[in-house]
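K.L.:
Input run39.csv, format and content: CSV, C-alpha atoms.
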```csv
chain,number,residue,atom,x,y,z
A,1409,MET,CA,-8.2,18.2,-35.0
A,1410,THR,CA,-9.6,15.0,-33.4
A,1411,GLU,CA,-9.7,14.6,-29.6
A,1412,GLN,CA,-7.1,11.9,-29.8
A,1413,ALA,CA,-4.8,14.2,-31.9
A,1414,VAL,CA,-5.2,17.0,-29.4
A,1415,SER,CA,-4.5,14.6,-26.5
A,1416,ALA,CA,-1.4,13.2,-28.2
A,1417,ALA,CA,-0.2,16.8,-28.8
A,1418,TYR,CA,-0.6,17.4,-25.1
A,1419,LEU,CA,1.4,14.4,-24.3
A,1420,GLU,CA,4.3,15.5,-26.5
A,1421,ARG,CA,4.7,18.7,-24.4
A,1422,TYR,CA,3.5,17.3,-21.1
A,1423,PRO,CA,3.2,18.5,-18.5
A,1424,ASP,CA,1.4,21.6,-19.6
A,1425,GLN,CA,-0.7,22.1,-16.6
A,1426,LEU,CA,-2.3,25.4,-17.6
A,1427,ALA,CA,-3.5,23.9,-21.0
A,1428,LEU,CA,-4.8,20.8,-19.2
A,1429,ARG,CA,-6.7,22.9,-16.7
A,1430,ALA,CA,-8.1,25.1,-19.4
A,1431,SER,CA,-9.6,22.1,-21.2
A,1432,ASP,CA,-13.0,20.5,-20.4
A,1433,PHE,CA,-13.4,17.6,-18.1
A,1434,GLU,CA,-13.7,15.0,-20.8
A,1435,LEU,CA,-10.5,16.0,-22.5
A,1436,ARG,CA,-8.7,16.3,-19.1
A,1437,THR,CA,-9.7,12.8,-18.2
A,1438,HIS,CA,-8.7,11.4,-21.6
A,1439,THR,CA,-5.4,13.1,-21.5
A,1440,ILE,CA,-4.6,12.0,-17.9
A,1441,ALA,CA,-5.6,8.4,-18.7
A,1442,ASP,CA,-3.3,8.4,-21.7
A,1443,TYR,CA,-0.5,9.7,-19.6
A,1444,ILE,CA,-1.1,7.1,-16.9
A,1445,CYS,CA,-1.0,4.3,-19.5
A,1446,GLN,CA,2.1,5.7,-21.1
A,1447,GLU,CA,4.0,6.0,-17.8
A,1448,LEU,CA,2.8,2.6,-16.6
A,1449,GLY,CA,3.9,0.9,-19.8
A,1450,ARG,CA,7.4,2.2,-19.0
A,1451,PHE,CA,7.3,1.4,-15.3
A,1452,LEU,CA,6.0,-2.1,-15.8
A,1453,GLU,CA,8.3,-2.7,-18.8
A,1454,ILE,CA,5.3,-3.9,-20.9
A,1455,PRO,CA,6.1,-4.7,-24.6
A,1456,PRO,CA,4.4,-2.3,-27.1
A,1457,ALA,CA,2.1,-5.1,-28.2
A,1458,HIS,CA,0.6,-5.4,-24.7
A,1459,ARG,CA,-0.4,-1.8,-24.0
A,1460,VAL,CA,-1.7,-0.8,-20.6
A,1461,SER,CA,-5.5,-0.6,-20.8
A,1462,ALA,CA,-7.5,2.4,-19.6
A,1463,SER,CA,-10.5,0.1,-19.0
A,1464,ARG,CA,-8.8,-2.1,-16.4
A,1465,SER,CA,-7.7,-1.5,-12.9
A,1466,LEU,CA,-4.0,-0.7,-12.2
A,1467,ARG,CA,-3.8,-3.7,-9.8
A,1468,SER,CA,-5.0,-6.1,-12.4
A,1469,GLN,CA,-2.2,-4.9,-14.7
A,1470,GLY,CA,0.5,-5.6,-12.2
A,1471,VAL,CA,0.7,-2.4,-10.2
A,1472,GLY,CA,1.9,-3.0,-6.6
A,1473,SER,CA,2.7,-0.6,-3.8
A,1474,ILE,CA,6.1,0.6,-5.0
A,1475,THR,CA,4.9,1.2,-8.6
A,1476,ALA,CA,1.9,3.0,-7.2
A,1477,LEU,CA,4.2,5.2,-5.1
A,1478,LYS,CA,6.3,5.9,-8.2
A,1479,LEU,CA,3.3,6.7,-10.3
A,1480,ARG,CA,1.9,9.0,-7.5
A,1481,ARG,CA,5.1,11.0,-7.5
A,1482,THR,CA,5.1,11.2,-11.3
A,1483,LEU,CA,1.4,12.3,-11.4
A,1484,GLU,CA,1.9,14.9,-8.7
A,1485,ASP,CA,4.8,16.4,-10.6
A,1486,ALA,CA,2.9,16.4,-13.9
A,1487,LEU,CA,-0.5,17.6,-12.6
A,1488,GLY,CA,0.5,19.8,-9.7
A,1489,ILE,CA,-2.1,18.2,-7.3
A,1490,GLU,CA,-1.9,15.7,-4.4
A,1491,VAL,CA,-2.4,12.1,-5.5
A,1492,SER,CA,-3.1,9.2,-3.1
A,1493,ALA,CA,-1.4,5.9,-3.6
A,1494,VAL,CA,-4.5,4.3,-2.1
A,1495,ASP,CA,-6.6,5.7,-5.0
A,1496,LEU,CA,-4.2,4.2,-7.5
A,1497,LEU,CA,-4.6,0.8,-5.9
A,1498,ARG,CA,-8.4,0.8,-5.6
A,1499,ASP,CA,-10.5,-1.5,-7.7
A,1500,ILE,CA,-11.3,1.1,-10.3
A,1501,THR,CA,-10.1,1.5,-13.9
A,1502,VAL,CA,-7.3,3.7,-15.1
A,1503,ALA,CA,-10.0,5.9,-16.8
A,1504,GLU,CA,-11.8,6.2,-13.4
A,1505,VAL,CA,-8.6,7.1,-11.7
A,1506,ALA,CA,-8.1,9.7,-14.4
A,1507,ALA,CA,-11.6,11.1,-13.9
A,1508,LEU,CA,-10.9,11.4,-10.2
A,1509,LEU,CA,-7.7,13.3,-10.8
A,1510,ALA,CA,-9.3,15.5,-13.5
A,1511,SER,CA,-12.1,16.5,-11.1
A,1512,ARG,CA,-9.4,17.8,-8.7
A,1513,LEU,CA,-7.8,20.1,-11.2
A,1514,ASP,CA,-9.0,23.7,-10.9
A,1515,GLY,CA,-9.1,25.4,-14.3
A,1516,PRO,CA,-7.2,28.7,-14.7
A,1517,THR,CA,-9.0,31.9,-15.8
A,1518,VAL,CA,-8.9,32.9,-19.4
A,1519,GLU,CA,-6.6,35.7,-18.4
A,1520,GLN,CA,-4.2,33.4,-16.6
A,1521,PHE,CA,-4.1,31.1,-19.6
A,1522,ALA,CA,-3.6,33.9,-22.1
A,1523,ALA,CA,-1.0,35.6,-19.9
A,1524,ALA,CA,1.0,32.3,-19.9
A,1525,GLY,CA,0.9,32.4,-23.8
A,1526,GLY,CA,-1.5,29.5,-24.0
A,1527,ARG,CA,-4.0,28.8,-26.8
A,1528,LYS,CA,-7.1,26.8,-25.8
A,1529,PRO,CA,-7.6,23.9,-28.2
B,1282,MET,CA,-16.4,-23.0,-2.8
B,1283,THR,CA,-19.3,-22.2,-0.6
B,1284,ALA,CA,-18.5,-20.2,2.5
B,1285,THR,CA,-20.7,-22.0,5.1
B,1286,GLY,CA,-18.7,-21.1,8.1
B,1287,SER,CA,-16.7,-23.5,10.2
B,1288,ALA,CA,-16.9,-27.2,9.5
B,1289,PRO,CA,-15.6,-30.1,11.4
B,1290,GLY,CA,-12.0,-30.8,10.4
B,1291,PRO,CA,-8.8,-32.3,11.6
B,1292,ALA,CA,-7.1,-30.8,14.7
B,1293,PRO,CA,-4.5,-28.1,13.9
B,1294,VAL,CA,-1.2,-29.6,12.9
B,1295,ILE,CA,0.7,-26.5,13.8
B,1296,ALA,CA,0.5,-24.4,16.9
B,1297,ALA,CA,1.4,-20.7,16.8
B,1298,GLU,CA,3.7,-20.3,19.8
B,1299,ASP,CA,2.8,-17.4,22.0
B,1300,GLY,CA,4.5,-14.3,20.9
B,1301,ASP,CA,6.6,-15.9,18.1
B,1302,LEU,CA,6.5,-15.1,14.4
B,1303,HIS,CA,6.3,-17.8,11.8
B,1304,LEU,CA,7.4,-16.7,8.3
B,1305,TRP,CA,6.8,-19.0,5.3
B,1306,ALA,CA,8.1,-18.5,1.8
B,1307,LEU,CA,6.6,-20.0,-1.4
B,1308,ARG,CA,8.3,-19.8,-4.8
B,1309,GLN,CA,5.8,-19.5,-7.6
B,1310,PRO,CA,5.7,-22.5,-10.0
B,1311,TRP,CA,7.7,-21.8,-13.2
B,1312,THR,CA,4.9,-22.2,-15.7
B,1313,ASP,CA,1.2,-21.5,-15.8
B,1314,GLU,CA,0.5,-25.1,-16.8
B,1315,GLY,CA,0.4,-25.7,-13.1
B,1316,SER,CA,-2.6,-23.5,-12.7
B,1317,THR,CA,-4.8,-26.0,-14.3
B,1318,VAL,CA,-4.2,-28.6,-11.6
B,1319,MET,CA,-3.8,-26.3,-8.6
B,1320,VAL,CA,-6.5,-26.8,-6.0
B,1321,LYS,CA,-8.5,-23.7,-7.1
B,1322,SER,CA,-11.7,-25.2,-5.8
B,1323,GLU,CA,-10.7,-24.2,-2.3
B,1324,LEU,CA,-10.8,-20.4,-3.1
B,1325,ASP,CA,-13.9,-18.3,-2.6
B,1326,ASP,CA,-15.7,-16.4,-5.3
B,1327,ALA,CA,-13.9,-13.1,-4.5
B,1328,GLU,CA,-10.5,-14.8,-4.8
B,1329,LEU,CA,-11.4,-16.5,-8.1
B,1330,GLU,CA,-12.8,-13.2,-9.5
B,1331,ARG,CA,-9.6,-11.3,-8.5
B,1332,ALA,CA,-7.4,-14.0,-10.0
B,1333,ALA,CA,-9.3,-13.9,-13.3
B,1334,SER,CA,-8.9,-10.1,-13.4
B,1335,PHE,CA,-5.1,-10.2,-13.9
B,1336,VAL,CA,-4.0,-9.4,-17.4
B,1337,GLN,CA,-0.6,-11.0,-17.2
B,1338,PRO,CA,-0.5,-14.8,-16.7
B,1339,HIS,CA,2.4,-14.7,-14.3
B,1340,ASP,CA,0.5,-12.2,-12.1
B,1341,ARG,CA,-2.5,-14.5,-12.1
B,1342,LEU,CA,-0.4,-17.6,-11.3
B,1343,LEU,CA,1.3,-15.9,-8.4
B,1344,TYR,CA,-2.0,-14.7,-7.0
B,1345,LEU,CA,-3.5,-18.2,-7.3
B,1346,SER,CA,-0.4,-19.8,-5.8
B,1347,ALA,CA,-0.3,-17.4,-2.9
B,1348,HIS,CA,-4.0,-17.7,-2.0
B,1349,ILE,CA,-4.2,-21.5,-2.3
B,1350,ALA,CA,-1.1,-21.7,-0.1
B,1351,LEU,CA,-2.5,-19.2,2.4
B,1352,ARG,CA,-5.7,-21.2,2.9
B,1353,ARG,CA,-3.8,-24.4,3.3
B,1354,LEU,CA,-1.3,-22.9,5.7
B,1355,LEU,CA,-4.0,-21.3,7.8
B,1356,ALA,CA,-6.0,-24.5,7.8
B,1357,ALA,CA,-2.9,-26.2,9.4
B,1358,TYR,CA,-3.0,-23.6,12.2
B,1359,VAL,CA,-6.8,-23.5,12.9
B,1360,GLY,CA,-8.0,-27.0,12.0
B,1361,ILE,CA,-10.7,-25.8,9.6
B,1362,PRO,CA,-10.5,-27.3,6.1
B,1363,PRO,CA,-9.1,-24.8,3.6
B,1364,ALA,CA,-12.3,-24.5,1.5
B,1365,HIS,CA,-14.3,-23.8,4.6
B,1366,LEU,CA,-12.1,-21.1,6.0
B,1367,ARG,CA,-13.7,-17.7,5.9
B,1368,LEU,CA,-11.4,-14.8,5.7
B,1369,GLY,CA,-12.4,-11.2,6.4
B,1370,ARG,CA,-11.1,-7.8,7.2
B,1371,ALA,CA,-10.9,-6.0,10.5
B,1372,PRO,CA,-12.1,-2.4,10.6
B,1373,CYS,CA,-9.5,0.1,9.4
B,1374,PRO,CA,-8.1,1.9,12.4
B,1375,GLY,CA,-8.0,5.1,10.4
B,1376,CYS,CA,-11.6,5.3,9.1
B,1377,GLY,CA,-13.4,2.3,10.4
B,1378,GLY,CA,-14.0,0.9,6.9
B,1379,PRO,CA,-13.8,-2.8,6.2
B,1380,HIS,CA,-10.3,-2.8,4.8
B,1381,GLY,CA,-8.1,-3.2,7.9
B,1382,ARG,CA,-5.9,-6.3,8.7
B,1383,PRO,CA,-7.0,-9.6,7.3
B,1384,VAL,CA,-8.6,-12.0,9.8
B,1385,VAL,CA,-9.6,-15.6,10.0
B,1386,LEU,CA,-13.3,-15.8,10.9
B,1387,ASP,CA,-15.0,-18.7,12.8
B,1388,THR,CA,-12.1,-19.4,15.2
B,1389,ASP,CA,-11.4,-18.5,18.8
B,1390,LEU,CA,-7.7,-18.9,18.4
B,1391,PRO,CA,-5.6,-15.7,18.7
B,1392,LEU,CA,-4.3,-16.1,15.2
B,1393,HIS,CA,-3.0,-13.2,13.1
B,1394,PHE,CA,-1.6,-13.4,9.6
B,1395,SER,CA,-0.3,-11.4,6.7
B,1396,LEU,CA,0.5,-12.2,3.1
B,1397,SER,CA,2.6,-10.4,0.5
B,1398,HIS,CA,3.7,-11.5,-3.0
B,1399,SER,CA,5.9,-10.0,-5.7
B,1400,HIS,CA,7.5,-11.3,-8.8
B,1401,GLY,CA,7.5,-15.0,-8.2
B,1402,LEU,CA,7.7,-15.0,-4.4
B,1403,ALA,CA,5.0,-15.1,-1.7
B,1404,ILE,CA,5.7,-14.5,2.0
B,1405,PHE,CA,3.3,-15.4,4.8
B,1406,GLY,CA,3.5,-14.3,8.4
B,1407,VAL,CA,1.6,-16.1,11.1
B,1408,ALA,CA,1.6,-15.1,14.8
B,1409,THR,CA,-0.6,-14.7,17.9
B,1410,SER,CA,-0.4,-10.9,17.8
B,1411,PRO,CA,-0.8,-8.4,14.9
B,1412,VAL,CA,1.7,-9.0,12.1
B,1413,GLY,CA,2.5,-7.5,8.8
B,1414,VAL,CA,4.9,-8.8,6.1
B,1415,ASP,CA,6.0,-7.3,2.8
B,1416,VAL,CA,8.1,-8.6,-0.1
B,1417,GLU,CA,9.2,-6.7,-3.2
B,1418,ARG,CA,11.5,-7.3,-6.1
B,1419,VAL,CA,14.6,-5.1,-5.6
B,1420,PRO,CA,13.6,-1.8,-7.1
B,1421,SER,CA,15.5,0.1,-9.8
B,1422,LEU,CA,17.6,3.2,-8.9
B,1423,GLU,CA,15.1,5.4,-10.7
B,1424,THR,CA,12.3,4.0,-8.6
B,1425,ALA,CA,14.3,4.5,-5.4
B,1426,GLU,CA,15.1,8.1,-6.3
B,1427,LEU,CA,11.5,8.9,-7.3
B,1428,CYS,CA,10.0,7.4,-4.1
B,1429,LEU,CA,12.6,8.8,-1.7
B,1430,PRO,CA,10.8,12.1,-1.0
B,1431,ALA,CA,7.7,10.4,0.4
B,1432,LEU,CA,9.7,8.9,3.3
B,1433,HIS,CA,10.3,10.2,6.8
B,1434,PRO,CA,13.0,13.0,6.8
B,1435,GLU,CA,15.4,10.8,8.8
B,1436,GLU,CA,14.9,7.9,6.5
B,1437,GLN,CA,15.6,10.2,3.5
B,1438,ALA,CA,18.8,11.5,5.2
B,1439,GLU,CA,20.0,8.0,5.9
B,1440,LEU,CA,19.5,6.8,2.3
B,1441,ALA,CA,21.0,10.0,0.9
B,1442,ARG,CA,24.3,9.3,2.6
B,1443,LEU,CA,24.7,5.9,0.8
B,1444,PRO,CA,26.6,5.4,-2.4
B,1445,GLU,CA,24.3,5.3,-5.4
B,1446,ALA,CA,25.0,1.6,-6.0
B,1447,GLU,CA,23.6,0.7,-2.6
B,1448,LEU,CA,20.4,2.8,-2.9
B,1449,PRO,CA,18.1,0.3,-4.6
B,1450,VAL,CA,18.6,-2.5,-2.0
B,1451,SER,CA,18.6,-0.1,0.9
B,1452,PHE,CA,15.5,1.7,-0.2
B,1453,GLY,CA,13.8,-1.7,-0.9
B,1454,ARG,CA,14.7,-2.9,2.6
B,1455,LEU,CA,13.4,0.3,4.2
B,1456,TRP,CA,10.2,0.3,2.1
B,1457,THR,CA,9.4,-3.3,2.9
B,1458,ARG,CA,9.9,-2.5,6.7
B,1459,LYS,CA,7.5,0.5,6.3
B,1460,GLU,CA,4.9,-1.4,4.4
B,1461,ALA,CA,5.1,-4.4,6.7
B,1462,TYR,CA,4.5,-2.1,9.6
B,1463,LEU,CA,1.6,-0.3,7.9
B,1464,LYS,CA,0.0,-3.6,7.1
B,1465,GLY,CA,0.6,-4.7,10.7
B,1466,ILE,CA,-1.2,-1.7,12.2
B,1467,GLY,CA,-4.0,-2.1,9.5
B,1468,THR,CA,-3.9,1.2,7.8
B,1469,GLY,CA,-1.9,0.2,4.8
B,1470,LEU,CA,-0.8,3.1,2.5
B,1471,SER,CA,-3.5,5.4,3.7
B,1472,ARG,CA,-1.2,6.5,6.6
B,1473,ASP,CA,1.3,9.2,5.8
B,1474,LEU,CA,4.4,7.5,4.7
B,1475,ALA,CA,6.5,10.2,6.4
B,1476,ALA,CA,4.9,9.7,9.8
B,1477,ASP,CA,6.9,6.8,11.1
B,1478,TYR,CA,10.7,6.2,11.3
B,1479,LEU,CA,11.7,2.7,10.2
B,1480,GLY,CA,15.3,3.4,9.5
B,1481,GLU,CA,18.4,1.5,10.5
B,1482,ARG,CA,20.2,4.1,12.6
B,1483,GLU,CA,21.9,2.4,15.5
B,1484,ASP,CA,20.7,5.0,17.9
B,1485,GLY,CA,17.3,5.2,16.3
B,1486,VAL,CA,15.5,2.5,18.4
B,1487,SER,CA,13.6,5.0,20.5
B,1488,ASP,CA,12.3,6.7,17.3
B,1489,ARG,CA,10.8,3.5,15.9
B,1490,PRO,CA,7.2,2.6,16.4
B,1491,LYS,CA,6.6,1.7,20.1
B,1492,GLY,CA,5.6,-1.9,20.8
B,1493,TRP,CA,6.6,-3.2,17.3
B,1494,VAL,CA,9.6,-5.1,16.2
B,1495,VAL,CA,10.1,-4.4,12.5
B,1496,ARG,CA,13.0,-6.2,10.8
B,1497,SER,CA,14.3,-7.0,7.3
B,1498,VAL,CA,14.7,-10.7,6.5
B,1499,THR,CA,17.2,-12.1,4.0
B,1500,GLY,CA,17.0,-15.2,2.0
B,1501,TYR,CA,16.2,-14.3,-1.6
B,1502,PRO,CA,18.8,-11.9,-3.2
B,1503,SER,CA,16.4,-10.8,-6.0
B,1504,HIS,CA,13.9,-9.6,-3.4
B,1505,VAL,CA,13.7,-7.5,-0.2
B,1506,THR,CA,11.5,-8.8,2.6
B,1507,ALA,CA,10.4,-7.5,6.0
B,1508,ALA,CA,8.2,-8.4,8.9
B,1509,ALA,CA,6.5,-6.4,11.6
B,1510,LEU,CA,5.2,-7.9,14.8
B,1511,LEU,CA,3.3,-6.2,17.7
B,1512,THR,CA,5.1,-7.7,20.8
B,1513,ASP,CA,6.3,-6.6,24.2
B,1514,ASP,CA,7.9,-9.9,25.0
B,1515,ASP,CA,11.0,-11.7,23.8
B,1516,HIS,CA,10.1,-13.5,20.7
B,1517,CYS,CA,11.7,-15.6,18.1
B,1518,THR,CA,11.1,-15.3,14.3
B,1519,THR,CA,11.5,-18.5,12.3
B,1520,ALA,CA,11.5,-18.7,8.5
B,1521,ARG,CA,10.5,-21.8,6.5
B,1522,ARG,CA,10.0,-22.8,2.9
B,1523,LEU,CA,6.6,-24.0,1.8
B,1524,PRO,CA,6.9,-26.7,-0.8
B,1525,THR,CA,5.1,-26.0,-4.1
B,1526,GLU,CA,3.6,-29.5,-3.9
B,1527,CYS,CA,1.3,-28.1,-1.3
B,1528,LEU,CA,-0.6,-26.3,-4.2
B,1529,TYR,CA,-1.4,-29.6,-5.9
B,1530,ILE,CA,-1.9,-32.5,-3.6
B,1531,GLU,CA,-5.4,-33.3,-2.2
B,1532,ASP,CA,-4.4,-32.8,1.5
B,1533,ALA,CA,-1.4,-30.6,2.2
B,1534,SER,CA,-1.6,-30.8,6.0
B,1535,GLU,CA,1.0,-33.5,6.4
B,1536,LEU,CA,3.4,-31.8,4.0
B,1537,ILE,CA,3.0,-28.6,5.9
B,1538,ALA,CA,3.6,-30.3,9.2
B,1539,VAL,CA,6.8,-31.8,7.9
B,1540,ALA,CA,7.9,-28.4,6.5
B,1541,ARG,CA,7.2,-27.0,9.9
B,1542,GLN,CA,10.1,-29.1,11.3
B,1543,GLN,CA,12.6,-27.6,8.8
B,1544,VAL,CA,13.5,-24.2,10.0
B,1545,CYS,CA,15.6,-22.3,7.4
B,1546,THR,CA,16.3,-19.2,9.6
B,1547,ALA,CA,15.8,-18.5,13.2
B,1548,LEU,CA,16.1,-14.9,14.4
B,1549,PRO,CA,16.4,-14.3,18.1
B,1550,ALA,CA,14.5,-11.7,20.1
B,1551,ASN,CA,15.4,-8.0,20.3
B,1552,GLY,CA,15.5,-7.9,16.5
B,1553,ALA,CA,14.7,-4.2,16.0
B,1554,GLY,CA,16.2,-3.0,12.8
B,1555,SER,CA,17.5,-5.9,10.6
B,1556,GLU,CA,18.8,-9.3,10.8
```
Can you dump the structure from the file as structure tokens?

P.N.:
Amino acid sequence: MTEQAVSAAYLERYPDQLALRASDFELRTHTIADYICQELGRFLEIPPAHRVSASRSLRSQGVGSITALKLRRTLEDALGIEVSAVDLLRDITVAEVAALLASRLDGPTVEQFAAAGGRKP
Amino acid sequence: MTATGSAPGPAPVIAAEDGDLHLWALRQPWTDEGSTVMVKSELDDAELERAASFVQPHDRLLYLSAHIALRRLLAAYVGIPPAHLRLGRAPCPGCGGPHGRPVVLDTDLPLHFSLSHSHGLAIFGVATSPVGVDVERVPSLETAELCLPALHPEEQAELARLPEAELPVSFGRLWTRKEAYLKGIGTGLSRDLAADYLGEREDGVSDRPKGWVVRSVTGYPSHVTAAALLTDDDHCTTARRLPTECLYIEDASELIAVARQQVCTALPANGAGSE
């Protein structure tokens, strides 16, 4: 299974915090970036042909304070960590925001993951 | 533009009256054709770089319109040509970093300003004491409901009592008052959004931030707007429209001086809460 396919599968059943925390940093980052782009596309009412880019900042793609606040709440619910609206409005790319958030996720132990019925990809 | 500091220029054509708040509103031009003839040469490198970074043409156009107008408006207050104005940031009161309130450098005038823009509309606040303004398009019900838990508990309770149909506008009004205040004190969103009460409860005056008058301002039904001013005196808030021609003509000072005479709204002192 390719990384993209694994990531897409995660998105379908998102939020699966335990599975996300059990994955490595690169996959976490990729999954969170995909999730941010997906949610922003919805929030900003962007047509499918103009997808949100992970390589650009949120501000440059039309995110203002209220959208940042809305995204903050969505990410906190999805990831189970505190997210700062200021971080979302910094001059960093969506991928960099995702890496920042990925670094704050503590991974579960193998036992915790197995006890929850999970299967590490 | 080359930022070379202050340069000889005309005398200010507008005086910021002591303690009063001047609000200005600019409607974005309808098409991006205008951006080719706007006076972009007056912007500095950082502004041009930021403008170029916007993905959507309408976002870029609004940013350009707002920042060209800001320079021309401030030039009318300080008497420094727009292209020679140097804008900076005061230290953040929270961490000391260089991202506090925006400031005009190279002038001894006690001039404070704030800018906000959203979906085709830019609002400018100019005063002799710290000021913050915010404008947003009226949010959706989903947005209001998602953002509600971040607010002060009393603010949440006030909004929770409203019929669902009133929530988007009421949340938007409250949010813009909060953001205007946070811009006024210079922290922006780094301050806990639940720390300050900016609600509209009639008996809530004593709970609102001391020394600040924070009020909603009407005028554009598609948007919600608010302004915050640090003041311990009676003051008057006046609102005016900035003509879009000021983005295109070679010297906008006369146009702005004329617009100065045309007050759209005058709000009296003691305006805590809303208009």

K.L.:
Would you give me, as JSON lines, each residue of chain B having an atom within 10 Å of an atom of chain A, along with its shortest atom pair and that distance in Å to one decimal, using only C-alpha atoms and sorting by chain and residue number?

P.N.:
```
{"residue": "B:Arg1331", "atom": "CA", "partner": "A:Ser1468", "partner_atom": "CA", "distance": 8.0}
{"residue": "B:Ala1332", "atom": "CA", "partner": "A:Ser1468", "partner_atom": "CA", "distance": 8.6}
{"residue": "B:Ala1333", "atom": "CA", "partner": "A:Ser1468", "partner_atom": "CA", "distance": 9.0}
{"residue": "B:Ser1334", "atom": "CA", "partner": "A:Ser1468", "partner_atom": "CA", "distance": 5.7}
{"residue": "B:Phe1335", "atom": "CA", "partner": "A:Ser1468", "partner_atom": "CA", "distance": 4.4}
{"residue": "B:Val1336", "atom": "CA", "partner": "A:Gln1469", "partner_atom": "CA", "distance": 5.5}
{"residue": "B:Gln1337", "atom": "CA", "partner": "A:Gln1469", "partner_atom": "CA", "distance": 6.8}
{"residue": "B:His1339", "atom": "CA", "partner": "A:Gly1470", "partner_atom": "CA", "distance": 9.5}
{"residue": "B:Asp1340", "atom": "CA", "partner": "A:Gly1470", "partner_atom": "CA", "distance": 6.6}
{"residue": "B:Arg1341", "atom": "CA", "partner": "A:Ser1468", "partner_atom": "CA", "distance": 8.8}
{"residue": "B:His1398", "atom": "CA", "partner": "A:Gly1472", "partner_atom": "CA", "distance": 9.4}
{"residue": "B:Ser1399", "atom": "CA", "partner": "A:Gly1472", "partner_atom": "CA", "distance": 8.1}
{"residue": "B:His1400", "atom": "CA", "partner": "A:Gly1470", "partner_atom": "CA", "distance": 9.6}
{"residue": "B:Asp1415", "atom": "CA", "partner": "A:Ser1473", "partner_atom": "CA", "distance": 10.0}
{"residue": "B:Glu1417", "atom": "CA", "partner": "A:Ile1474", "partner_atom": "CA", "distance": 8.1}
{"residue": "B:Arg1418", "atom": "CA", "partner": "A:Ile1474", "partner_atom": "CA", "distance": 9.6}
{"residue": "B:Pro1420", "atom": "CA", "partner": "A:Ile1474", "partner_atom": "CA", "distance": 8.1}
{"residue": "B:Ser1421", "atom": "CA", "partner": "A:Phe1451", "partner_atom": "CA", "distance": 10.0}
{"residue": "B:Glu1423", "atom": "CA", "partner": "A:Lys1478", "partner_atom": "CA", "distance": 9.2}
{"residue": "B:Thr1424", "atom": "CA", "partner": "A:Lys1478", "partner_atom": "CA", "distance": 6.3}
{"residue": "B:Ala1425", "atom": "CA", "partner": "A:Lys1478", "partner_atom": "CA", "distance": 8.6}
{"residue": "B:Glu1426", "atom": "CA", "partner": "A:Lys1478", "partner_atom": "CA", "distance": 9.3}
{"residue": "B:Leu1427", "atom": "CA", "partner": "A:Lys1478", "partner_atom": "CA", "distance": 6.1}
{"residue": "B:Cys1428", "atom": "CA", "partner": "A:Lys1478", "partner_atom": "CA", "distance": 5.7}
{"residue": "B:Leu1429", "atom": "CA", "partner": "A:Lys1478", "partner_atom": "CA", "distance": 9.5}
{"residue": "B:Pro1430", "atom": "CA", "partner": "A:Arg1481", "partner_atom": "CA", "distance": 8.7}
{"residue": "B:Ala1431", "atom": "CA", "partner": "A:Arg1481", "partner_atom": "CA", "distance": 8.3}
{"residue": "B:Gly1453", "atom": "CA", "partner": "A:Ile1474", "partner_atom": "CA", "distance": 9.0}
{"residue": "B:Trp1456", "atom": "CA", "partner": "A:Ile1474", "partner_atom": "CA", "distance": 8.2}
{"residue": "B:Thr1457", "atom": "CA", "partner": "A:Ile1474", "partner_atom": "CA", "distance": 9.4}
{"residue": "B:Glu1460", "atom": "CA", "partner": "A:Ser1473", "partner_atom": "CA", "distance": 8.5}
{"residue": "B:Gly1469", "atom": "CA", "partner": "A:Val1494", "partner_atom": "CA", "distance": 8.4}
{"residue": "B:Leu1470", "atom": "CA", "partner": "A:Val1494", "partner_atom": "CA", "distance": 6.0}
{"residue": "B:Ser1471", "atom": "CA", "partner": "A:Val1494", "partner_atom": "CA", "distance": 6.0}
{"residue": "B:Arg1472", "atom": "CA", "partner": "A:Val1494", "partner_atom": "CA", "distance": 9.6}
{"residue": "B:Asp1473", "atom": "CA", "partner": "A:Ser1492", "partner_atom": "CA", "distance": 9.9}
```

K.L.:
With a distance cut-off of 10 Å and all atoms listed in the file, select the neighbouring residues of A:Ser1511, excluding the residue or stretch itself and same-chain residues fewer than 4 positions from it, and output the selection as an MDAnalysis selection string.

P.N.:
chainID A and resid 1433:1434 1436:1437 1506:1507 1515

K.L.:
Give me, as a count of residues only, all polymer residues having an atom no more than 12 Å from B:Met1319, counting all atoms listed in the file and skipping those fewer than 5 positions away in the same chain.

P.N.:
23

K.L.:
List every protein, DNA or RNA residue that has at least one atom no more than 9 Å from (14.1, -23.6, -0.3) in the file's coordinates, counting only C-alpha atoms, and write the result as a PyMOL selection string.

P.N.:
chain B and resi 1306-1308+1521-1524+1545

K.L.:
Pick out the residues sitting within 7 Å of A:Ala1462, and hand them over as a PyMOL selection string; count only C-alpha atoms, and ignore anything fewer than 2 positions along from it in its own chain.

P.N.:
chain A and resi 1441+1445+1460+1464+1501-1503

K.L.:
Identify which of the residues B:His1504, B:Arg1382, B:Arg1353, B:Lys1464 lies closest to B:Ser1451, counting all atoms listed in the file when measuring atom-to-atom distances.

P.N.:
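The answer is B:His1504, which sits nearest to B:Ser1451.
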
K.L.:
Measure the distance from atom CA of A:Arg1429 to atom CA of A:Arg1498 in Å and round it to one decimal.

P.N.:
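Computing it gives 24.8 Å between the two atoms.
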
K.L.:
At what distance in Å, to one decimal, does atom CA of A:Ile1440 lie from atom CA of A:Ala1486?

P.N.:
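Between these atoms lies a distance of 9.6 Å.
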
K.L.:
At a cut-off of 12 Å around the point (7.3, 2.2, 8.2) (file coordinates), what residues fall inside when counting all atoms listed in the file? I'd like the answer as a VMD selection string.

P.N.:
chain B and resid 1413 to 1415 1431 to 1433 1435 to 1436 1452 to 1466 1468 to 1470 1472 to 1481 1488 to 1491 1493 to 1497 1507 to 1509 1554
